[in-house]
Amino acid sequence: MAFNIAIYLNRIGLARVPTTVDGLVALQQAQMRAIPFENIDVLLGNIPNLTENSIWAKLINARRGGYCFELNKLFGLALGALGFTIQPILCRVRMGAAEGGPRTHQAFIVTIEGVDWLADSGFGGPAPIAPLRIDTEELQTAGRDVFRLRADPASGELVVERKNGKEWFALFGFDRATALPSDFEGANFICARWERSPFPSSLMMSVLTAEGPANLLNKDFSLIRNQTEETETLKTKTELQRVLSDVFRLQLPRSTIDSLWEKLGSCGRV
């Protein structure tokens, strides 16, 4: 299918996107506001289909969200349709660990006027909400958070780190290794089926709202409002449906809500 950039831009609430750094920032943030990170399908036992038609049907037509391979597949198609120069990459997730695991996260290197930027609309929760410049070790601010790229000689990667108080928290590492479509298919299968992957066993959702980032981890919901984090534990299926609809803007069938709530009853608290 031909990628319909007009319908995509309408879905994320943008009229036009210049192929500039400002345009890239606007595109990434608009998608992160309009299309949530969510792994509902994987949690319910399904492997996401990464074909362009399936991604379009789910994220555009059905107005669902997805996890990194779905979100960044759509993001990459949009970047290409808009004329950005991109290189898709596979990254090693760390989430605080000294070393990364297998290459199970997708992102992009976007080159604009000879400068490379790390662009990513699909990491969820603690990720930067704006692209990061790759050729600098200086601190970079994205929204209310501060990040840096640290060279790791042991792995040969640049590690994306977020400042948490006085400490630095490693999110993921990346390099410029070529990633082929089959690599993304394999990584998608690992994320959806591997017993050490968090996605088949925990509900993980995030979205940018007008008030601030919102996150849902199993039944634990949090929202940044006026620079303050508000939290609550969802106690009923009705509360879950309210948060999914009002915050994440997902209109799910009753049967899906029922299955999800039943699944959450067996999820371990994190």
# chains A, B, ... in the order shown; residues from 1 in each chain; ligands from 1
>>> residues_around(residues="A:Asn215", least_positions_apart="6", cutoff="9 Å", atoms="only C-alpha atoms", output="NGL selection string")
:A and (124-125 or 204-208 or 221-223)
>>> write_last_selection(atoms="C-alpha atoms", output="mmCIF file, in the first residue's frame")
data_model
loop_
_atom_site.group_PDB
_atom_site.id
_atom_site.type_symbol
_atom_site.label_atom_id
_atom_site.label_comp_id
_atom_site.auth_asym_id
_atom_site.auth_seq_id
_atom_site.Cartn_x
_atom_site.Cartn_y
_atom_site.Cartn_z
ATOM 1 C CA GLY A 124 7.705 4.187 26.311
ATOM 2 C CA GLY A 125 7.871 5.463 29.886
ATOM 3 C CA MET A 204 3.085 -1.553 30.065
ATOM 4 C CA MET A 205 1.538 1.638 28.702
ATOM 5 C CA SER A 206 2.564 5.269 28.320
ATOM 6 C CA VAL A 207 1.413 8.376 26.493
ATOM 7 C CA LEU A 208 2.087 12.085 26.504
ATOM 8 C CA PHE A 221 -1.302 4.280 37.112
ATOM 9 C CA SER A 222 0.719 7.491 37.307
ATOM 10 C CA LEU A 223 0.348 10.941 35.758
#
>>> residues_around(residues="A:Asp22", least_positions_apart="5", cutoff="10 Å", atoms="only C-alpha atoms", output="list in words")
Val17, Leu27, Ala130 and Pro131 of chain A
>>> write_last_selection(atoms="N, CA and C atoms", output="PDB file, in the first residue's frame")
ATOM      1  N   VAL A  17       4.910  19.049   8.120  1.00  0.00           N
ATOM      2  CA  VAL A  17       6.163  18.782   8.832  1.00  0.00           C
ATOM      3  C   VAL A  17       7.336  19.086   7.899  1.00  0.00           C
ATOM      4  N   LEU A  27       7.176  16.047  14.957  1.00  0.00           N
ATOM      5  CA  LEU A  27       6.620  14.771  14.513  1.00  0.00           C
ATOM      6  C   LEU A  27       6.702  13.728  15.619  1.00  0.00           C
ATOM      7  N   ALA A 130      11.941  13.927  22.834  1.00  0.00           N
ATOM      8  CA  ALA A 130      12.456  14.644  21.673  1.00  0.00           C
ATOM      9  C   ALA A 130      13.725  13.951  21.192  1.00  0.00           C
ATOM     10  N   PRO A 131      14.069  14.087  19.917  1.00  0.00           N
ATOM     11  CA  PRO A 131      15.304  13.483  19.415  1.00  0.00           C
ATOM     12  C   PRO A 131      16.527  14.005  20.161  1.00  0.00           C
TER      13      PRO A 131
END
>>> atom_distance(atom1="atom CA of A:Thr19", atom2="atom CA of A:Gly83")
6.7 Å
>>> residues_around(residues="A:Leu234", least_positions_apart="4", cutoff="9 Å", atoms="only C-alpha atoms", output="PyMOL selection string")
chain A and resi 218-221+238-240+243
>>> residues_around(residues="A:Phe69", least_positions_apart="4", cutoff="7 Å", atoms="only C-alpha atoms", output="count of residues only")
3
>>> select_by_dssp(residues="stretch 36-242 of chain A", states="helix (DSSP H, G or I)", output="JSON, numbers by chain")
{"A": [40, 41, 42, 43, 52, 53, 54, 55, 56, 57, 58, 59, 60, 61, 68, 69, 70, 71, 72, 73, 74, 75, 76, 77, 78, 79, 80, 81, 82, 181, 182, 183, 184, 185, 186, 187, 188, 189, 190, 191, 192, 193, 237, 238, 239, 240, 241, 242]}
>>> select_by_dssp(residues="stretch 49-173 of chain A", states="strand (DSSP E)", output="PyMOL selection string")
chain A and resi 85-93+103-112+115-119+132-133+140-142+145-152+157-164+167-173
>>> residues_around(residues="A:Thr256", least_positions_apart="6", cutoff="10 Å", atoms="only C-alpha atoms", output="ChimeraX atom specification")
/A:40-41,44,262
>>> write_last_selection(atoms="N, CA, C and O atoms", output="short mmCIF file (atom, residue, chain, number, x, y, z; two decimals), in the first residue's frame")
data_model
loop_
_atom_site.label_atom_id
_atom_site.label_comp_id
_atom_site.auth_asym_id
_atom_site.auth_seq_id
_atom_site.Cartn_x
_atom_site.Cartn_y
_atom_site.Cartn_z
N ILE A 40 -0.92 -4.49 24.89
CA ILE A 40 -2.10 -5.29 25.22
C ILE A 40 -2.15 -6.57 24.41
O ILE A 40 -2.41 -7.66 24.94
N ASP A 41 -1.92 -6.49 23.10
CA ASP A 41 -2.01 -7.68 22.26
C ASP A 41 -1.00 -8.74 22.70
O ASP A 41 -1.31 -9.94 22.76
N LEU A 44 -1.94 -10.47 25.85
CA LEU A 44 -3.03 -11.42 25.65
C LEU A 44 -2.64 -12.58 24.74
O LEU A 44 -3.49 -13.35 24.30
N GLU A 262 -8.73 -9.94 33.57
CA GLU A 262 -8.45 -11.29 34.06
C GLU A 262 -6.94 -11.56 34.05
O GLU A 262 -6.39 -12.14 34.99
#
>>> closest_atom_pairs(of="stretch 74-161 of chain A", to="stretch 183-186 of chain A", cutoff="12 Å", atoms="only C-alpha atoms", output="tab-separated table")
residue	atom	partner	partner_atom	distance
A:Pro88	CA	A:Phe184	CA	9.7
A:Ile89	CA	A:Phe184	CA	9.2
A:Leu90	CA	A:Phe184	CA	7.6
A:Cys91	CA	A:Phe184	CA	10.7
A:Pro102	CA	A:Gly186	CA	10.8
A:Arg103	CA	A:Asp183	CA	8.8
A:Thr104	CA	A:Phe184	CA	8.0
A:His105	CA	A:Phe184	CA	8.7
A:Gln106	CA	A:Phe184	CA	7.7
A:Ala107	CA	A:Phe184	CA	10.9
>>> atom_distance(atom1="atom CA of A:Thr85", atom2="atom CA of A:Arg176")
14.4 Å
>>> closest_residue(among="A:Leu74, A:Ile7, A:Ile257, A:Leu158", to="A:Phe174", atoms="only C-alpha atoms")
A:Leu158
>>> atom_distance(atom1="atom CA of A:Tyr8", atom2="atom CA of A:Trp56")
9.0 Å
>>> closest_residue(among="A:Phe108, A:Phe169, A:Phe3, A:Phe123", to="A:Asp145", atoms="only C-alpha atoms")
A:Phe169
